[in-house]
Amino acid sequence: MNWHEMRLEEVEKVMNSNSETGLTEQEVNQRQQKSGLNELDEAERPSAFLLFLAQFKDFMVLILLIATFISGLLGEYIDAIAIIAIVLINGFLGYYQERRAERSMEALKELAAPQVHVLRNKQWCRIPSKELVSGDIIQFVSGDRIGADVRLLQSNSLEIEESALTGESVPVMKDINPILGSKTALGDKSNMAFMGTMVTRGSGTGIVIGTGMKTEMGKIANLLQSQQTLETPLQRRLEQLGKILIGVALILTFLVVIVGVLQGHDLYSMFLAGVSLAVAAIPEGLPAIVTVALSLGVQRMIKQKSIVRKLPAIETLGCASVICSDKTGTLTQNKMTVTHLWTGGGTWNVTGTGYEPKGSFFDGDTEVDPTTSKSFYQLLTFGLLCNHAQINEKDNQFIVDGDPTEGALAVAAMKGKLSKHQLQEEFKIIKEFPFDSSRKMMSIIASDKQGKQYVITKGAPDVLLKQCDSILWNDKKQLLNNNYRNEVEKSIARLANQALRTIAIAYKPIPSNNKISMETEAEKDLVFIGLQGMIDPPRPEVKQAVKECHEAGIKTIMITGDHVNTAQAIAKQINILPEHGLVLDGSSLSSMSVEELEEIVDDVYVFARVSPEHKLKIVKALQQQGHIVAMTGDGVNDAPAIKAADIGISMGITGTDVAKESSSLVLVDDNFATIKAAIKEGRNIYENIRKFIRYLLASNVGEILVMLFAMILALPLPLVPIQILWVNLVTDGLPAMALGLDQPEENVMKRRPRSATEGVFARGLAWKVISRGFLIGIVTLIAFIITYSRNPNELQYAQSIAFATLVMAQLIHVFDCRSERSIFERKPFENIYLVFAVLSSILLLMVVIYLPSLQVIFHTSSIMLIDWLLILGLSAIPTFLLATTHFSRK
């Protein structure tokens, strides 16, 4: 229905409601049963059981299950049980993390769930917005979030900020008059208010005409159900690695069986050895360790005020090459602050940021008292008096209740030791002419204790100046001639060039018996007092965060609905905009195709006066240029761009539920610096994953080669299958897990982003795996040959020596894996978890070697002290030989 075209009595009749009494509980229950709760539908969530089963779809996990089945058929039940244990641990970890992320988001949504003031059974009460039904009568005042779509019944200076829905950043004035035209645009329906929008000024009453998915927000949310989610680089890399490893495993199994049979070994023994090596070739712990590393990263991010909704998303940030960030609230504080005062004859600077009323006034470098200048003091006084905003303190935070611009004027006055309570005692407000978009002014008529009456007006400087015939100049009233008018216009332009939003203040005394009823009569022949220049200042930490991103090879792009001058000034302040960087406005962007934008997008650093729908075009152009794009947003209209980006980031404070549901990362504090922290965390996680891939594969290559070389040389097997599995699951597992907790290297934010197409084995990782694995295999084989040649009748003792050498070589090698360059680059005790993991593995080795009951299971013998010198000497060679070679080249 076209609710905006109806008269109020028609709306009440159609909705079967009464604006005087509201609905009864019976009517509410009937309507709720019919239409359900006032909530947006979410994508159907899988049951807990299906979510758990989904953890086993991983390619490598399926291969492990096949290996388990083969081991069971061959009677190797210990092997099968051990592999199943690892797979189940991995499944539980993945399940736990996904459930935890869901609960975190649910908690955040509950925190942000709005309450509404509703008329039920002739009484006003507060209820959660999800309990609203069509026909409910609701009230709202400044600061309230509209809980459903409503047709307005009353409007008292009502302004609503609808950017979450329409992309229009300026609050919209509302009224109750019918609007003819069935095709009226959403932003032009001034007699309606919509779910999720925010009241910035005034108050109103409305009748609910749409709830849940039948609201305008619900219609947009419905469009998102078909959006596809991109596969992350990590998922692609691990799938690639899994395919490589299964290929290697099959080849090795075939080789071992063929070579062993040709050497005279029986087929069953060789097939068992082949399967054991195939299992060794696949690092069973890898999926679990990747999940643990990501989970730990997610927990660290929660402490740093961001919630990761999708587990691999934090890793994707690690290869982000562009961050497209909103300005307001993300790069800036979203707290308008007066920084300059101008009256005829002088300019003062005002210190302090945000809504905390602390700051000083300076004339150049000299601090001044505003009470010493009549003009400046009047500028502050009348700015506070003609003002609805309240500054409140809550939990040591100062917040504005009302319009942010009025809040800035109020704080400036409070810095001058003025208080609204004090002014309300000195002045009585007789009449108000509310602000409207056509006049661009607001006026009050006030009388002081002596009975003198004044018109006090604030508004857009260019408009207000035209209504003035006098000016305060050096504290004296002067006729506003062309010279003075030119000086005012120059000052307006000068403040605008500094990206300041300016508000002009004027007044005029009127006779006590003068009954002014029209604003046109009140707002003429005024005395111009001066200007207050304000800006939404950058967050203090953002400049350093932008710098660190630049050093990391990440381009930061500002996207804002603000004017070009404002955006340009803020971008320069925080060093986003370089000297020759381009600034593109929304009108230019609208006239471009995606292909045309692609040609210049690498040179653009600021997009100003853009609407949310432009964001999708920006994302596509950047992706076509090969960038991995992180996109921030908070509105419903931002959701498609958030979803299309490689990593979508929504705002936890100002973000709509639809935007959060579309995103991979939610910033609890809406802060750009949190994105930088996430990038650092993502890079470190990927590097840690590379570290334990390097460690696991080099260890496994060593195990494979020692067996393969022994068969080629017609030697007995240096390791039995249960020993291979023990090394793979226990000795490999604990240190590899500890590598996932490693701190970032010092230069992690000094490197350029890695390419999304970069393979796991890039940057020399393949050479490190093969060279270290080769040496680990060689020294293990040497230890076996030396011991076996001394006493061929003690095969089990020689196998124990080889077993211990292999384990110790791996445990020393794990410290080398902490650095891309050399073991000498990092302090060995920096990662205390790794130290304890290595000590635990050594203890487990000793238990297996020296405990008689385990010697039977693992086919080991107690090793003499003298042979430990041989073991430790050979074990150190793979790490220190190549590390020394690298170190000497530096």
# chains A, B, ... in the order shown; residues from 1 in each chain; ligands from 1

call {"tool": "residues_around", "arguments": {"residues": "stretch 486-491 of chain A", "least_positions_apart": "3", "cutoff": "8 Å", "atoms": "only C-alpha atoms", "output": "ChimeraX atom specification"}}
result
/A:342,344,462,482-483,494-495

call {"tool": "residues_around", "arguments": {"residues": "A:Lys547", "least_positions_apart": "5", "cutoff": "9 Å", "atoms": "only C-alpha atoms", "output": "ChimeraX atom specification"}}
result
/A:542,552,574-576

call {"tool": "closest_residue", "arguments": {"among": "A:Leu882, A:Leu775, A:Ile628, A:Val760", "to": "A:Ile244", "atoms": "only C-alpha atoms"}}
result
A:Val760

call {"tool": "closest_residue", "arguments": {"among": "A:Ala48, A:Leu158, A:Val411, A:Leu384", "to": "A:Thr353", "atoms": "only C-alpha atoms"}}
result
A:Val411

call {"tool": "residues_around", "arguments": {"residues": "A:Gln378", "least_positions_apart": "2", "cutoff": "10 Å", "atoms": "only C-alpha atoms", "output": "list in words"}}
result
Thr343, Pro370, Thr371, Ser373, Lys374, Ser375, Phe376, Leu380, Thr381, Phe382, Gly383, Leu384, Ala413, Asp475, Ile505, Ala506, Tyr507, Ile529 and Gly530 of chain A

call {"tool": "residues_around", "arguments": {"residues": "A:Ile399", "least_positions_apart": "3", "cutoff": "12 Å", "atoms": "only C-alpha atoms", "output": "PDB file with C-alpha atoms, in the first residue's frame"}}
result
ATOM      1  CA  GLY A 143      18.576   9.263  20.222  1.00  0.00           C
ATOM      2  CA  GLN A 333      35.892  10.200  16.229  1.00  0.00           C
ATOM      3  CA  ASN A 334      32.330  10.889  15.042  1.00  0.00           C
ATOM      4  CA  LYS A 335      32.300  13.714  17.585  1.00  0.00           C
ATOM      5  CA  MET A 336      31.913  17.178  16.108  1.00  0.00           C
ATOM      6  CA  GLY A 354      35.323  15.088  21.483  1.00  0.00           C
ATOM      7  CA  TYR A 355      32.487  15.882  23.857  1.00  0.00           C
ATOM      8  CA  GLU A 356      34.549  16.168  27.036  1.00  0.00           C
ATOM      9  CA  PRO A 357      34.153  19.838  28.115  1.00  0.00           C
ATOM     10  CA  ALA A 389      21.657  19.134  22.871  1.00  0.00           C
ATOM     11  CA  GLN A 390      22.578  17.781  26.286  1.00  0.00           C
ATOM     12  CA  ILE A 391      26.065  16.589  27.241  1.00  0.00           C
ATOM     13  CA  ASN A 392      25.926  13.661  29.651  1.00  0.00           C
ATOM     14  CA  GLU A 393      28.663  11.710  31.414  1.00  0.00           C
ATOM     15  CA  LYS A 394      28.347   7.940  31.584  1.00  0.00           C
ATOM     16  CA  ASP A 395      31.080   5.501  32.621  1.00  0.00           C
ATOM     17  CA  ASN A 396      33.686   8.295  32.387  1.00  0.00           C
ATOM     18  CA  GLY A 402      20.855  15.338  20.428  1.00  0.00           C
ATOM     19  CA  ASP A 403      22.270  16.680  17.198  1.00  0.00           C
ATOM     20  CA  PRO A 404      26.109  16.357  16.988  1.00  0.00           C
ATOM     21  CA  GLY A 407      26.558  19.117  20.844  1.00  0.00           C
ATOM     22  CA  ALA A 408      29.750  20.740  19.529  1.00  0.00           C
ATOM     23  CA  ALA A 410      27.341  23.162  23.740  1.00  0.00           C
ATOM     24  CA  VAL A 411      30.795  21.729  24.530  1.00  0.00           C
TER      25      VAL A 411
END

call {"tool": "atom_distance", "arguments": {"atom1": "atom CA of A:Ile559", "atom2": "atom CA of A:Leu622"}}
result
13.6 Å

call {"tool": "atom_distance", "arguments": {"atom1": "atom CA of A:Phe435", "atom2": "atom CA of A:Ala608"}}
result
26.3 Å

call {"tool": "residues_around", "arguments": {"residues": "A:Lys174", "least_positions_apart": "5", "cutoff": "6 Å", "atoms": "only C-alpha atoms", "output": "list of chain:residue names"}}
result
A:Leu158, A:Glu159, A:Ser190, A:Asn191

call {"tool": "write_last_selection", "arguments": {"atoms": "C-alpha atoms", "output": "PDB file, in the first residue's frame"}}
result
ATOM      1  CA  LEU A 158      11.463  15.680  14.068  1.00  0.00           C
ATOM      2  CA  GLU A 159      14.646  14.849  12.141  1.00  0.00           C
ATOM      3  CA  SER A 190       8.899  12.657   4.739  1.00  0.00           C
ATOM      4  CA  ASN A 191       5.741  11.442   6.541  1.00  0.00           C
TER       5      ASN A 191
END

call {"tool": "closest_residue", "arguments": {"among": "A:Gly264, A:Pro537, A:Gly777, A:Pro878", "to": "A:Lys327", "atoms": "only C-alpha atoms"}}
result
A:Pro537

call {"tool": "atom_distance", "arguments": {"atom1": "atom CA of A:Leu37", "atom2": "atom CA of A:Phe140"}}
result
20.2 Å

call {"tool": "residues_around", "arguments": {"residues": "A:Ile429", "least_positions_apart": "6", "cutoff": "10 Å", "atoms": "only C-alpha atoms", "output": "PyMOL selection string"}}
result
chain A and resi 385-386+444-448+453-454

call {"tool": "closest_atom_pairs", "arguments": {"of": "stretch 295-325 of chain A", "to": "stretch 631-645 of chain A", "cutoff": "7 Å", "atoms": "only C-alpha atoms", "output": "JSON lines"}}
result
{"residue": "A:Ile323", "atom": "CA", "partner": "A:Met631", "partner_atom": "CA", "distance": 6.1}
{"residue": "A:Cys324", "atom": "CA", "partner": "A:Met631", "partner_atom": "CA", "distance": 4.9}
{"residue": "A:Ser325", "atom": "CA", "partner": "A:Thr632", "partner_atom": "CA", "distance": 5.3}

call {"tool": "closest_atom_pairs", "arguments": {"of": "stretch 758-837 of chain A", "to": "stretch 863-872 of chain A", "cutoff": "9 Å", "atoms": "only C-alpha atoms", "output": "JSON lines"}}
result
{"residue": "A:Val779", "atom": "CA", "partner": "A:Ile871", "partner_atom": "CA", "distance": 8.9}
{"residue": "A:Thr780", "atom": "CA", "partner": "A:Ile871", "partner_atom": "CA", "distance": 8.6}
{"residue": "A:Ala783", "atom": "CA", "partner": "A:Ile871", "partner_atom": "CA", "distance": 7.0}
{"residue": "A:Thr787", "atom": "CA", "partner": "A:Asp867", "partner_atom": "CA", "distance": 8.9}
{"residue": "A:Tyr797", "atom": "CA", "partner": "A:Ile863", "partner_atom": "CA", "distance": 7.4}
{"residue": "A:Ser800", "atom": "CA", "partner": "A:Ile863", "partner_atom": "CA", "distance": 7.4}
{"residue": "A:Ile801", "atom": "CA", "partner": "A:Ile871", "partner_atom": "CA", "distance": 7.1}
{"residue": "A:Ala802", "atom": "CA", "partner": "A:Ile871", "partner_atom": "CA", "distance": 8.2}
{"residue": "A:Ala804", "atom": "CA", "partner": "A:Ile871", "partner_atom": "CA", "distance": 6.9}
{"residue": "A:Thr805", "atom": "CA", "partner": "A:Ile871", "partner_atom": "CA", "distance": 5.0}
{"residue": "A:Leu806", "atom": "CA", "partner": "A:Ile871", "partner_atom": "CA", "distance": 8.7}
{"residue": "A:Met808", "atom": "CA", "partner": "A:Leu872", "partner_atom": "CA", "distance": 7.0}
{"residue": "A:Ala809", "atom": "CA", "partner": "A:Leu872", "partner_atom": "CA", "distance": 7.9}

call {"tool": "write_last_selection", "arguments": {"atoms": "N, CA, C and O atoms", "output": "short mmCIF file (atom, residue, chain, number, x, y, z; two decimals), in the first residue's frame"}}
result
data_model
loop_
_atom_site.label_atom_id
_atom_site.label_comp_id
_atom_site.auth_asym_id
_atom_site.auth_seq_id
_atom_site.Cartn_x
_atom_site.Cartn_y
_atom_site.Cartn_z
N VAL A 779 71.32 -37.78 8.47
CA VAL A 779 71.95 -37.96 9.78
C VAL A 779 71.29 -39.09 10.55
O VAL A 779 71.96 -39.83 11.30
N THR A 780 69.98 -39.29 10.36
CA THR A 780 69.29 -40.41 11.02
C THR A 780 69.82 -41.73 10.47
O THR A 780 70.09 -42.69 11.23
N ALA A 783 73.35 -42.37 11.81
CA ALA A 783 73.30 -42.86 13.19
C ALA A 783 72.94 -44.35 13.20
O ALA A 783 73.53 -45.15 13.97
N THR A 787 75.60 -47.45 14.35
CA THR A 787 75.23 -48.33 15.46
C THR A 787 75.03 -49.76 14.99
O THR A 787 75.49 -50.72 15.63
N TYR A 797 68.30 -52.00 18.97
CA TYR A 797 69.07 -50.91 19.58
C TYR A 797 69.43 -49.86 18.51
O TYR A 797 69.32 -48.66 18.74
N SER A 800 66.48 -47.85 17.79
CA SER A 800 66.23 -46.88 18.86
C SER A 800 67.11 -45.65 18.70
O SER A 800 66.67 -44.52 18.93
N ILE A 801 68.39 -45.89 18.30
CA ILE A 801 69.31 -44.77 18.05
C ILE A 801 68.79 -43.90 16.90
O ILE A 801 68.77 -42.67 16.98
N ALA A 802 68.36 -44.57 15.81
CA ALA A 802 67.82 -43.84 14.66
C ALA A 802 66.56 -43.06 15.06
O ALA A 802 66.37 -41.90 14.68
N ALA A 804 65.73 -41.93 18.09
CA ALA A 804 66.10 -40.79 18.94
C ALA A 804 66.75 -39.68 18.12
O ALA A 804 66.50 -38.48 18.34
N THR A 805 67.60 -40.06 17.16
CA THR A 805 68.26 -39.05 16.30
C THR A 805 67.24 -38.29 15.47
O THR A 805 67.30 -37.06 15.35
N LEU A 806 66.29 -39.01 14.91
CA LEU A 806 65.25 -38.38 14.11
C LEU A 806 64.45 -37.38 14.95
O LEU A 806 64.21 -36.24 14.54
N MET A 808 65.31 -35.88 17.88
CA MET A 808 66.11 -34.74 18.34
C MET A 808 66.44 -33.78 17.18
O MET A 808 66.47 -32.56 17.37
N ALA A 809 66.68 -34.32 15.99
CA ALA A 809 66.95 -33.46 14.82
C ALA A 809 65.73 -32.59 14.52
O ALA A 809 65.86 -31.40 14.20
#

call {"tool": "closest_residue", "arguments": {"among": "A:Val727, A:Ile456, A:Met441, A:Leu577", "to": "A:Val546", "atoms": "only C-alpha atoms"}}
result
A:Leu577

call {"tool": "closest_residue", "arguments": {"among": "A:Val141, A:Leu739, A:Leu719, A:Val601", "to": "A:Glu830", "atoms": "only C-alpha atoms"}}
result
A:Leu739

call {"tool": "residues_around", "arguments": {"residues": "stretch 705-714 of chain A", "least_positions_apart": "4", "cutoff": "7 Å", "atoms": "only C-alpha atoms", "output": "PyMOL selection string"}}
result
chain A and resi 256+259-260+263+701+718+774+777-778+780-781

call {"tool": "write_last_selection", "arguments": {"atoms": "N, CA, C and O atoms", "output": "PDB file, in the first residue's frame"}}
result
ATOM      1  N   VAL A 256      57.975 -47.786  -2.098  1.00  0.00           N
ATOM      2  CA  VAL A 256      58.451 -48.589  -0.962  1.00  0.00           C
ATOM      3  C   VAL A 256      58.085 -50.058  -1.149  1.00  0.00           C
ATOM      4  O   VAL A 256      58.902 -50.959  -0.919  1.00  0.00           O
ATOM      5  N   VAL A 259      60.298 -51.480  -4.135  1.00  0.00           N
ATOM      6  CA  VAL A 259      61.721 -51.616  -3.771  1.00  0.00           C
ATOM      7  C   VAL A 259      61.893 -52.682  -2.705  1.00  0.00           C
ATOM      8  O   VAL A 259      62.813 -53.524  -2.769  1.00  0.00           O
ATOM      9  N   GLY A 260      61.000 -52.689  -1.703  1.00  0.00           N
ATOM     10  CA  GLY A 260      61.105 -53.671  -0.612  1.00  0.00           C
ATOM     11  C   GLY A 260      60.954 -55.091  -1.102  1.00  0.00           C
ATOM     12  O   GLY A 260      61.717 -55.984  -0.719  1.00  0.00           O
ATOM     13  N   GLN A 263      63.951 -56.225  -2.867  1.00  0.00           N
ATOM     14  CA  GLN A 263      65.063 -56.500  -1.955  1.00  0.00           C
ATOM     15  C   GLN A 263      64.853 -57.783  -1.165  1.00  0.00           C
ATOM     16  O   GLN A 263      65.702 -58.166  -0.369  1.00  0.00           O
ATOM     17  N   VAL A 701      59.674 -35.439   5.440  1.00  0.00           N
ATOM     18  CA  VAL A 701      60.624 -35.775   4.368  1.00  0.00           C
ATOM     19  C   VAL A 701      61.787 -36.572   4.946  1.00  0.00           C
ATOM     20  O   VAL A 701      62.262 -37.559   4.345  1.00  0.00           O
ATOM     21  N   PRO A 718      65.206 -48.848   9.333  1.00  0.00           N
ATOM     22  CA  PRO A 718      65.717 -48.117  10.511  1.00  0.00           C
ATOM     23  C   PRO A 718      64.615 -47.768  11.509  1.00  0.00           C
ATOM     24  O   PRO A 718      64.889 -47.521  12.679  1.00  0.00           O
ATOM     25  N   PHE A 774      66.162 -33.531   3.813  1.00  0.00           N
ATOM     26  CA  PHE A 774      67.225 -34.400   3.300  1.00  0.00           C
ATOM     27  C   PHE A 774      68.295 -34.629   4.366  1.00  0.00           C
ATOM     28  O   PHE A 774      68.714 -35.776   4.618  1.00  0.00           O
ATOM     29  N   GLY A 777      67.068 -36.813   7.221  1.00  0.00           N
ATOM     30  CA  GLY A 777      67.082 -38.222   6.818  1.00  0.00           C
ATOM     31  C   GLY A 777      68.479 -38.802   6.791  1.00  0.00           C
ATOM     32  O   GLY A 777      68.710 -39.941   7.248  1.00  0.00           O
ATOM     33  N   ILE A 778      69.465 -38.026   6.270  1.00  0.00           N
ATOM     34  CA  ILE A 778      70.850 -38.505   6.156  1.00  0.00           C
ATOM     35  C   ILE A 778      71.465 -38.760   7.526  1.00  0.00           C
ATOM     36  O   ILE A 778      72.070 -39.811   7.767  1.00  0.00           O
ATOM     37  N   THR A 780      69.977 -39.290  10.363  1.00  0.00           N
ATOM     38  CA  THR A 780      69.290 -40.411  11.015  1.00  0.00           C
ATOM     39  C   THR A 780      69.818 -41.730  10.466  1.00  0.00           C
ATOM     40  O   THR A 780      70.088 -42.689  11.228  1.00  0.00           O
ATOM     41  N   LEU A 781      70.002 -41.796   9.149  1.00  0.00           N
ATOM     42  CA  LEU A 781      70.532 -43.003   8.521  1.00  0.00           C
ATOM     43  C   LEU A 781      71.978 -43.259   8.957  1.00  0.00           C
ATOM     44  O   LEU A 781      72.363 -44.419   9.223  1.00  0.00           O
TER      45      LEU A 781
END

call {"tool": "select_by_dssp", "arguments": {"residues": "stretch 114-220 of chain A", "states": "strand (DSSP E or B)", "output": "NGL selection string"}}
result
:A and (115-120 or 123-128 or 137-141 or 145 or 149-161 or 172-173 or 192-193 or 198-210)

call {"tool": "write_last_selection", "arguments": {"atoms": "N, CA and C atoms", "output": "short mmCIF file (atom, residue, chain, number, x, y, z; two decimals), in the first residue's frame"}}
result
data_model
loop_
_atom_site.label_atom_id
_atom_site.label_comp_id
_atom_site.auth_asym_id
_atom_site.auth_seq_id
_atom_site.Cartn_x
_atom_site.Cartn_y
_atom_site.Cartn_z
N GLN A 115 15.01 -0.77 22.26
CA GLN A 115 13.76 -0.79 23.00
C GLN A 115 12.85 0.29 22.37
N VAL A 116 11.55 0.08 22.45
CA VAL A 116 10.63 1.07 21.89
C VAL A 116 9.58 1.45 22.93
N HIS A 117 9.05 2.67 22.79
CA HIS A 117 8.02 3.20 23.67
C HIS A 117 6.69 3.01 22.96
N VAL A 118 5.84 2.13 23.47
CA VAL A 118 4.64 1.72 22.75
C VAL A 118 3.39 1.93 23.61
N LEU A 119 2.28 2.26 22.93
CA LEU A 119 1.00 2.45 23.61
C LEU A 119 0.21 1.15 23.56
N ARG A 120 -0.01 0.54 24.70
CA ARG A 120 -0.77 -0.71 24.80
C ARG A 120 -1.80 -0.57 25.93
N GLN A 123 -1.88 2.57 27.94
CA GLN A 123 -0.72 2.92 28.76
C GLN A 123 0.56 2.83 27.92
N TRP A 124 1.45 3.79 28.17
CA TRP A 124 2.75 3.77 27.48
C TRP A 124 3.71 2.87 28.26
N CYS A 125 4.43 2.03 27.54
CA CYS A 125 5.40 1.14 28.18
C CYS A 125 6.56 0.90 27.22
N ARG A 126 7.67 0.39 27.76
CA ARG A 126 8.84 0.09 26.94
C ARG A 126 8.94 -1.42 26.74
N ILE A 127 9.15 -1.81 25.48
CA ILE A 127 9.28 -3.23 25.15
C ILE A 127 10.41 -3.40 24.14
N PRO A 128 10.97 -4.61 24.00
CA PRO A 128 11.95 -4.86 22.92
C PRO A 128 11.28 -4.66 21.57
N ILE A 137 1.08 1.74 18.23
CA ILE A 137 1.37 3.18 18.27
C ILE A 137 2.66 3.34 19.07
N ILE A 138 3.67 3.95 18.46
CA ILE A 138 4.95 4.11 19.16
C ILE A 138 5.38 5.57 19.19
N GLN A 139 6.13 5.92 20.22
CA GLN A 139 6.70 7.25 20.37
C GLN A 139 8.22 7.14 20.23
N PHE A 140 8.85 8.22 19.78
CA PHE A 140 10.31 8.22 19.71
C PHE A 140 10.81 9.65 19.88
N VAL A 141 11.97 9.75 20.50
CA VAL A 141 12.60 11.05 20.73
C VAL A 141 14.05 10.98 20.27
N ARG A 145 16.27 4.63 18.18
CA ARG A 145 16.29 3.95 16.89
C ARG A 145 14.88 3.48 16.57
N ASP A 149 8.77 -0.04 10.45
CA ASP A 149 8.32 0.99 9.51
C ASP A 149 7.04 1.62 10.05
N VAL A 150 6.96 2.96 10.10
CA VAL A 150 5.79 3.62 10.66
C VAL A 150 5.33 4.76 9.76
N ARG A 151 4.03 5.03 9.82
CA ARG A 151 3.46 6.24 9.22
C ARG A 151 3.32 7.24 10.37
N LEU A 152 3.87 8.43 10.21
CA LEU A 152 3.91 9.41 11.29
C LEU A 152 2.53 9.98 11.58
N LEU A 153 2.21 10.07 12.87
CA LEU A 153 0.96 10.67 13.34
C LEU A 153 1.20 12.06 13.92
N GLN A 154 2.38 12.25 14.53
CA GLN A 154 2.77 13.53 15.09
C GLN A 154 4.25 13.76 14.79
N SER A 155 4.62 15.02 14.59
CA SER A 155 6.02 15.36 14.34
C SER A 155 6.33 16.70 14.98
N ASN A 156 7.24 16.69 15.95
CA ASN A 156 7.64 17.91 16.64
C ASN A 156 9.12 18.17 16.38
N SER A 157 9.41 19.03 15.39
CA SER A 157 10.80 19.32 14.99
C SER A 157 11.57 18.02 14.75
N LEU A 158 10.89 17.02 14.21
CA LEU A 158 11.46 15.68 14.07
C LEU A 158 12.43 15.59 12.89
N GLU A 159 13.65 15.13 13.17
CA GLU A 159 14.65 14.85 12.14
C GLU A 159 15.15 13.43 12.34
N ILE A 160 15.25 12.68 11.25
CA ILE A 160 15.69 11.28 11.32
C ILE A 160 16.84 11.06 10.36
N GLU A 161 17.87 10.42 10.87
CA GLU A 161 19.06 10.11 10.06
C GLU A 161 18.83 8.74 9.41
N VAL A 172 16.84 13.88 7.86
CA VAL A 172 15.69 14.30 7.05
C VAL A 172 14.62 14.88 7.97
N MET A 173 14.13 16.08 7.62
CA MET A 173 13.02 16.69 8.35
C MET A 173 11.74 15.91 8.06
N MET A 192 7.00 9.37 6.78
CA MET A 192 7.21 8.00 7.24
C MET A 192 8.58 7.89 7.90
N ALA A 193 8.70 6.90 8.78
CA ALA A 193 9.99 6.57 9.40
C ALA A 193 10.21 5.08 9.24
N MET A 198 17.68 6.43 12.76
CA MET A 198 17.92 7.02 14.06
C MET A 198 17.35 8.43 14.14
N VAL A 199 16.63 8.71 15.25
CA VAL A 199 16.10 10.06 15.49
C VAL A 199 17.24 10.93 16.01
N THR A 200 17.54 12.02 15.30
CA THR A 200 18.62 12.91 15.73
C THR A 200 18.10 14.17 16.41
N ARG A 201 16.79 14.43 16.23
CA ARG A 201 16.26 15.66 16.80
C ARG A 201 14.75 15.58 16.91
N GLY A 202 14.21 16.26 17.92
CA GLY A 202 12.77 16.35 18.08
C GLY A 202 12.14 15.07 18.56
N SER A 203 10.84 14.97 18.34
CA SER A 203 10.10 13.78 18.79
C SER A 203 8.95 13.53 17.83
N GLY A 204 8.37 12.36 17.95
CA GLY A 204 7.27 12.02 17.06
C GLY A 204 6.50 10.82 17.55
N THR A 205 5.34 10.60 16.93
CA THR A 205 4.51 9.42 17.19
C THR A 205 4.12 8.83 15.85
N GLY A 206 4.05 7.50 15.80
CA GLY A 206 3.70 6.87 14.53
C GLY A 206 2.94 5.58 14.74
N ILE A 207 2.31 5.11 13.69
CA ILE A 207 1.61 3.83 13.71
C ILE A 207 2.39 2.84 12.86
N VAL A 208 2.66 1.66 13.42
CA VAL A 208 3.47 0.66 12.75
C VAL A 208 2.70 0.10 11.55
N ILE A 209 3.31 0.18 10.38
CA ILE A 209 2.64 -0.34 9.17
C ILE A 209 3.42 -1.50 8.53
N GLY A 210 4.60 -1.83 9.10
CA GLY A 210 5.39 -2.96 8.58
C GLY A 210 6.39 -3.44 9.60
#
